[in-house]
>>> print(open('model_33.cif').read())   # mmCIF, C-alpha atoms, pLDDT in the B column; chains and numbers go by the auth columns
data_upload
loop_
_atom_site.group_PDB
_atom_site.id
_atom_site.type_symbol
_atom_site.label_atom_id
_atom_site.label_comp_id
_atom_site.label_asym_id
_atom_site.label_seq_id
_atom_site.Cartn_x
_atom_site.Cartn_y
_atom_site.Cartn_z
_atom_site.B_iso_or_equiv
_atom_site.auth_seq_id
_atom_site.auth_asym_id
ATOM 1 C CA MET A 1 0.000 0.000 0.000 42.00 1 A
ATOM 2 C CA SER A 2 2.894 2.387 0.760 46.00 2 A
ATOM 3 C CA GLU A 3 4.225 1.837 -2.785 67.00 3 A
ATOM 4 C CA LYS A 4 0.928 2.814 -4.397 82.00 4 A
ATOM 5 C CA ILE A 5 1.346 5.612 -6.934 86.00 5 A
ATOM 6 C CA LEU A 6 -1.170 8.451 -7.119 89.00 6 A
ATOM 7 C CA THR A 7 -1.576 10.912 -9.996 89.00 7 A
ATOM 8 C CA PRO A 8 -1.961 14.663 -9.410 89.00 8 A
ATOM 9 C CA GLN A 9 -5.681 14.342 -10.277 92.00 9 A
ATOM 10 C CA GLU A 10 -6.135 11.722 -7.555 92.00 10 A
ATOM 11 C CA VAL A 11 -4.181 13.843 -5.084 90.00 11 A
ATOM 12 C CA ARG A 12 -6.415 16.843 -5.891 91.00 12 A
ATOM 13 C CA LYS A 13 -9.487 14.697 -5.167 93.00 13 A
ATOM 14 C CA ILE A 14 -8.081 13.248 -1.947 91.00 14 A
ATOM 15 C CA LEU A 15 -6.918 16.598 -0.576 91.00 15 A
ATOM 16 C CA ASN A 16 -9.808 18.541 -2.116 90.00 16 A
ATOM 17 C CA ALA A 17 -7.294 21.192 -3.187 88.00 17 A
ATOM 18 C CA ASP A 18 -6.137 22.854 -6.359 90.00 18 A
ATOM 19 C CA ASN A 19 -2.599 22.695 -7.803 89.00 19 A
ATOM 20 C CA ARG A 20 -1.495 25.887 -6.047 90.00 20 A
ATOM 21 C CA GLU A 21 -2.527 24.513 -2.647 90.00 21 A
ATOM 22 C CA ILE A 22 -0.817 21.184 -3.363 88.00 22 A
ATOM 23 C CA VAL A 23 2.432 22.962 -4.285 90.00 23 A
ATOM 24 C CA GLU A 24 2.202 24.974 -1.038 89.00 24 A
ATOM 25 C CA LEU A 25 1.568 21.790 0.987 89.00 25 A
ATOM 26 C CA CYS A 26 4.553 20.058 -0.718 90.00 26 A
ATOM 27 C CA ARG A 27 6.751 23.001 0.237 90.00 27 A
ATOM 28 C CA LYS A 28 5.581 22.870 3.882 89.00 28 A
ATOM 29 C CA ALA A 29 5.993 19.086 4.092 89.00 29 A
ATOM 30 C CA ALA A 30 9.348 19.174 2.247 90.00 30 A
ATOM 31 C CA ILE A 31 8.042 16.755 -0.380 89.00 31 A
ATOM 32 C CA ALA A 32 9.239 17.015 -3.961 87.00 32 A
ATOM 33 C CA PRO A 33 6.852 15.473 -6.510 82.00 33 A
ATOM 34 C CA ARG A 34 8.546 12.834 -8.643 89.00 34 A
ATOM 35 C CA LYS A 35 8.241 12.123 -12.342 89.00 35 A
ATOM 36 C CA ASN A 36 8.037 8.745 -14.062 87.00 36 A
ATOM 37 C CA GLU A 37 9.868 7.730 -17.256 88.00 37 A
ATOM 38 C CA SER A 38 7.306 9.468 -19.464 89.00 38 A
ATOM 39 C CA GLY A 39 7.628 12.755 -17.502 87.00 39 A
ATOM 40 C CA GLN A 40 4.317 12.534 -15.635 90.00 40 A
ATOM 41 C CA THR A 41 4.192 13.692 -12.027 89.00 41 A
ATOM 42 C CA TYR A 42 3.190 11.208 -9.321 91.00 42 A
ATOM 43 C CA PHE A 43 3.021 10.919 -5.528 89.00 43 A
ATOM 44 C CA SER A 44 3.398 7.926 -3.248 89.00 44 A
ATOM 45 C CA TYR A 45 0.644 6.981 -0.814 90.00 45 A
ATOM 46 C CA ASP A 46 2.852 7.941 2.166 90.00 46 A
ATOM 47 C CA GLU A 47 3.582 11.354 0.650 91.00 47 A
ATOM 48 C CA VAL A 48 -0.127 11.985 0.235 92.00 48 A
ATOM 49 C CA LYS A 49 -0.720 10.957 3.865 92.00 49 A
ATOM 50 C CA ASN A 50 1.942 13.457 4.933 92.00 50 A
ATOM 51 C CA LEU A 51 0.378 16.136 2.726 91.00 51 A
ATOM 52 C CA ARG A 52 -3.025 15.379 4.287 91.00 52 A
ATOM 53 C CA ARG A 53 -1.574 15.718 7.804 91.00 53 A
ATOM 54 C CA VAL A 54 0.117 19.028 6.912 89.00 54 A
ATOM 55 C CA GLN A 55 -3.126 20.222 5.343 87.00 55 A
ATOM 56 C CA LYS A 56 -5.078 19.514 8.548 86.00 56 A
ATOM 57 C CA THR A 57 -2.543 21.223 10.807 82.00 57 A
ATOM 58 C CA THR A 58 -2.298 24.185 8.440 76.00 58 A
ATOM 59 C CA ALA A 59 -6.084 24.505 8.329 67.00 59 A
ATOM 60 C CA VAL A 60 -6.313 24.450 12.136 61.00 60 A
ATOM 61 C CA THR A 61 -3.606 27.067 12.644 61.00 61 A
ATOM 62 C CA ALA A 62 -4.524 29.222 9.655 56.00 62 A
ATOM 63 C CA TYR A 63 -8.259 29.366 10.343 56.00 63 A
ATOM 64 C CA PRO A 64 -8.264 32.314 12.774 62.00 64 A
ATOM 65 C CA ALA A 65 -5.951 34.295 10.513 61.00 65 A
ATOM 66 C CA GLN A 66 -8.090 33.475 7.476 65.00 66 A
ATOM 67 C CA LYS A 67 -11.216 34.387 9.413 69.00 67 A
ATOM 68 C CA GLN A 68 -9.715 37.724 10.387 75.00 68 A
ATOM 69 C CA THR A 69 -8.570 38.372 6.822 80.00 69 A
ATOM 70 C CA VAL A 70 -12.031 37.564 5.512 78.00 70 A
ATOM 71 C CA MET A 71 -13.633 39.855 8.104 81.00 71 A
ATOM 72 C CA VAL A 72 -11.276 42.704 7.207 83.00 72 A
ATOM 73 C CA SER A 73 -12.040 42.138 3.537 85.00 73 A
ATOM 74 C CA ILE A 74 -15.794 42.161 4.187 87.00 74 A
ATOM 75 C CA LEU A 75 -15.525 45.305 6.308 87.00 75 A
ATOM 76 C CA ASN A 76 -13.478 47.048 3.617 88.00 76 A
ATOM 77 C CA SER A 77 -16.026 46.043 0.985 89.00 77 A
ATOM 78 C CA LEU A 78 -18.869 47.369 3.131 90.00 78 A
ATOM 79 C CA LYS A 79 -17.004 50.627 3.706 90.00 79 A
ATOM 80 C CA GLU A 80 -16.407 51.033 -0.032 90.00 80 A
ATOM 81 C CA MET A 81 -20.087 50.298 -0.730 92.00 81 A
ATOM 82 C CA GLU A 82 -21.160 52.845 1.875 92.00 82 A
ATOM 83 C CA THR A 83 -18.874 55.499 0.417 90.00 83 A
ATOM 84 C CA SER A 84 -20.020 54.728 -3.095 91.00 84 A
ATOM 85 C CA MET A 85 -23.691 54.854 -2.142 93.00 85 A
ATOM 86 C CA SER A 86 -23.233 58.076 -0.176 92.00 86 A
ATOM 87 C CA ASP A 87 -21.505 59.693 -3.136 91.00 87 A
ATOM 88 C CA ARG A 88 -24.227 58.569 -5.537 92.00 88 A
ATOM 89 C CA ILE A 89 -27.026 59.763 -3.244 93.00 89 A
ATOM 90 C CA ALA A 90 -25.305 63.124 -2.727 90.00 90 A
ATOM 91 C CA LYS A 91 -24.897 63.498 -6.487 90.00 91 A
ATOM 92 C CA VAL A 92 -28.577 62.723 -7.136 89.00 92 A
ATOM 93 C CA ILE A 93 -29.703 65.159 -4.418 88.00 93 A
ATOM 94 C CA ASP A 94 -27.420 67.868 -5.799 86.00 94 A
ATOM 95 C CA GLU A 95 -28.840 67.322 -9.296 85.00 95 A
ATOM 96 C CA LYS A 96 -32.427 67.460 -7.997 83.00 96 A
ATOM 97 C CA LEU A 97 -31.804 70.587 -5.917 83.00 97 A
ATOM 98 C CA GLU A 98 -29.922 72.348 -8.695 83.00 98 A
ATOM 99 C CA GLY A 99 -31.856 75.482 -9.566 77.00 99 A
ATOM 100 C CA MET A 100 -33.803 75.508 -6.292 83.00 100 A
ATOM 101 C CA ASP A 101 -32.117 78.788 -5.299 80.00 101 A
ATOM 102 C CA GLU A 102 -33.769 80.526 -8.236 84.00 102 A
ATOM 103 C CA VAL A 103 -37.111 78.963 -7.332 85.00 103 A
ATOM 104 C CA VAL A 104 -36.832 80.203 -3.731 85.00 104 A
ATOM 105 C CA VAL A 105 -35.961 83.730 -4.906 87.00 105 A
ATOM 106 C CA GLU A 106 -38.936 83.656 -7.300 89.00 106 A
ATOM 107 C CA LEU A 107 -41.246 82.465 -4.503 90.00 107 A
ATOM 108 C CA ILE A 108 -40.112 85.314 -2.244 93.00 108 A
ATOM 109 C CA ARG A 109 -40.690 87.821 -5.048 92.00 109 A
ATOM 110 C CA CYS A 110 -44.172 86.396 -5.679 93.00 110 A
ATOM 111 C CA LYS A 111 -45.017 86.549 -1.985 93.00 111 A
ATOM 112 C CA THR A 112 -43.936 90.194 -1.840 94.00 112 A
ATOM 113 C CA ASP A 113 -46.011 90.997 -4.929 93.00 113 A
ATOM 114 C CA ASN A 114 -48.977 89.159 -3.429 93.00 114 A
ATOM 115 C CA GLU A 115 -48.776 91.168 -0.196 93.00 115 A
ATOM 116 C CA SER A 116 -48.564 94.480 -2.060 94.00 116 A
ATOM 117 C CA LEU A 117 -51.598 93.486 -4.186 95.00 117 A
ATOM 118 C CA ARG A 118 -53.545 92.605 -1.032 95.00 118 A
ATOM 119 C CA GLN A 119 -52.752 96.029 0.410 95.00 119 A
ATOM 120 C CA LYS A 120 -53.965 97.673 -2.807 95.00 120 A
ATOM 121 C CA ILE A 121 -57.219 95.680 -2.564 95.00 121 A
ATOM 122 C CA VAL A 122 -57.700 96.861 1.038 94.00 122 A
ATOM 123 C CA ASN A 123 -57.094 100.480 -0.013 95.00 123 A
ATOM 124 C CA LEU A 124 -59.466 100.182 -2.983 95.00 124 A
ATOM 125 C CA ASN A 125 -62.171 98.665 -0.748 94.00 125 A
ATOM 126 C CA LYS A 126 -61.805 101.642 1.613 94.00 126 A
ATOM 127 C CA GLU A 127 -62.077 104.032 -1.319 93.00 127 A
ATOM 128 C CA ILE A 128 -65.188 102.209 -2.632 93.00 128 A
ATOM 129 C CA TYR A 129 -66.802 102.408 0.820 92.00 129 A
ATOM 130 C CA GLU A 130 -66.122 106.159 1.021 90.00 130 A
ATOM 131 C CA LEU A 131 -67.448 106.712 -2.519 90.00 131 A
ATOM 132 C CA LYS A 132 -70.633 104.724 -1.755 89.00 132 A
ATOM 133 C CA ASN A 133 -71.199 106.790 1.378 86.00 133 A
ATOM 134 C CA ASP A 134 -70.615 109.952 -0.575 84.00 134 A
ATOM 135 C CA LEU A 135 -72.999 108.744 -3.300 84.00 135 A
ATOM 136 C CA SER A 136 -75.671 107.862 -0.777 83.00 136 A
ATOM 137 C CA SER A 137 -75.597 111.457 0.511 84.00 137 A
ATOM 138 C CA TYR A 138 -77.141 112.640 -2.814 85.00 138 A
ATOM 139 C CA LYS A 139 -80.979 112.477 -2.933 86.00 139 A
ATOM 140 C CA PRO A 140 -83.063 112.968 -6.090 84.00 140 A
ATOM 141 C CA VAL A 141 -85.031 116.227 -6.144 84.00 141 A
ATOM 142 C CA ALA A 142 -86.758 116.485 -9.501 84.00 142 A
ATOM 143 C CA MET A 143 -86.057 116.210 -13.206 86.00 143 A
ATOM 144 C CA GLY A 144 -82.748 114.414 -12.751 82.00 144 A
ATOM 145 C CA PHE A 145 -81.390 116.824 -10.190 85.00 145 A
ATOM 146 C CA TYR A 146 -79.886 115.690 -6.940 82.00 146 A
ATOM 147 C CA LYS A 147 -79.323 117.494 -3.690 84.00 147 A
ATOM 148 C CA LYS A 148 -76.525 116.596 -1.319 82.00 148 A
ATOM 149 C CA LYS A 149 -77.464 115.990 2.280 82.00 149 A
ATOM 150 C CA GLU A 150 -75.134 117.208 4.892 75.00 150 A
ATOM 151 C CA LYS A 151 -72.987 114.630 6.577 66.00 151 A
ATOM 152 C CA TYR A 152 -73.012 114.466 10.266 62.00 152 A
ATOM 153 C CA ASN A 153 -69.748 115.292 11.904 59.00 153 A
ATOM 154 C CA TRP A 154 -69.506 113.424 15.118 60.00 154 A
ATOM 155 C CA GLU A 155 -66.075 114.655 15.876 52.00 155 A
#
>>> encode(input="model_33.cif", output="structure tokens")
Amino acid sequence: MSEKILTPQEVRKILNADNREIVELCRKAAIAPRKNESGQTYFSYDEVKNLRRVQKTTAVTAYPAQKQTVMVSILNSLKEMETSMSDRIAKVIDEKLEGMDEVVVELIRCKTDNESLRQKIVNLNKEIYELKNDLSSYKPVAMGFYKKKEKYNWE
């Protein structure tokens, strides 16, 4: 069994690793893959057992570091997303609010005009009231003639 020869494909299946990981494991276990007469790479069963053992110990010791690296990567990605979204939202708001200054100035001008027109209406109503009172002081006499009654001065 220790003389059994395994191909790189079989080693990949056994270790559930890609070529890069297998090369890294060989380096850590100080195992050099051998080649047969036709130049094909092969591993012995014992070498694969050693690679498997190194893989397990590496996974146990590397897990916290990998976990931390993954967390840092996720946090950086979230930070980039937040920045990107904030920039996009700010850009959209700026585009939507562009020209609002002119609208506000126009609204203020319209409000001022509206107030001045209201004051004119109040003044014209006062004038109409005075003219109606003045008109009511004239009483018909005869043949289209009118006589003005005296107003009472209560002052």
>>> residues_around(input="model_33.cif", residues="region 38-54 of chain A", least_positions_apart="3", cutoff="12 Å", atoms="all atoms listed in the file", output="number ranges by chain")
A: 1-17, 21-35, 57-62
>>> atom_distance(input="model_33.cif", atom1="CA of Glu98 (chain A)", atom2="CA of Asp113 (chain A)")
24.9 Å
>>> residues_around(input="model_33.cif", residues="Tyr146 (chain A)", least_positions_apart="4", cutoff="12 Å", atoms="all atoms listed in the file", output="PyMOL selection string")
chain A and resi 135-142
>>> atom_distance(input="model_33.cif", atom1="CA of Glu115 (chain A)", atom2="CA of Leu131 (chain A)")
24.4 Å
>>> atom_distance(input="model_33.cif", atom1="CA of Arg20 (chain A)", atom2="CA of Lys56 (chain A)")
16.3 Å
>>> axis_aligned_box(input="model_33.cif", around="region 102-106 of chain A", padding_each_side="6 Å", output="JSON")
{"center_x": -36.4, "center_y": 81.3, "center_z": -6.0, "size_x": 17.2, "size_y": 16.8, "size_z": 16.5}
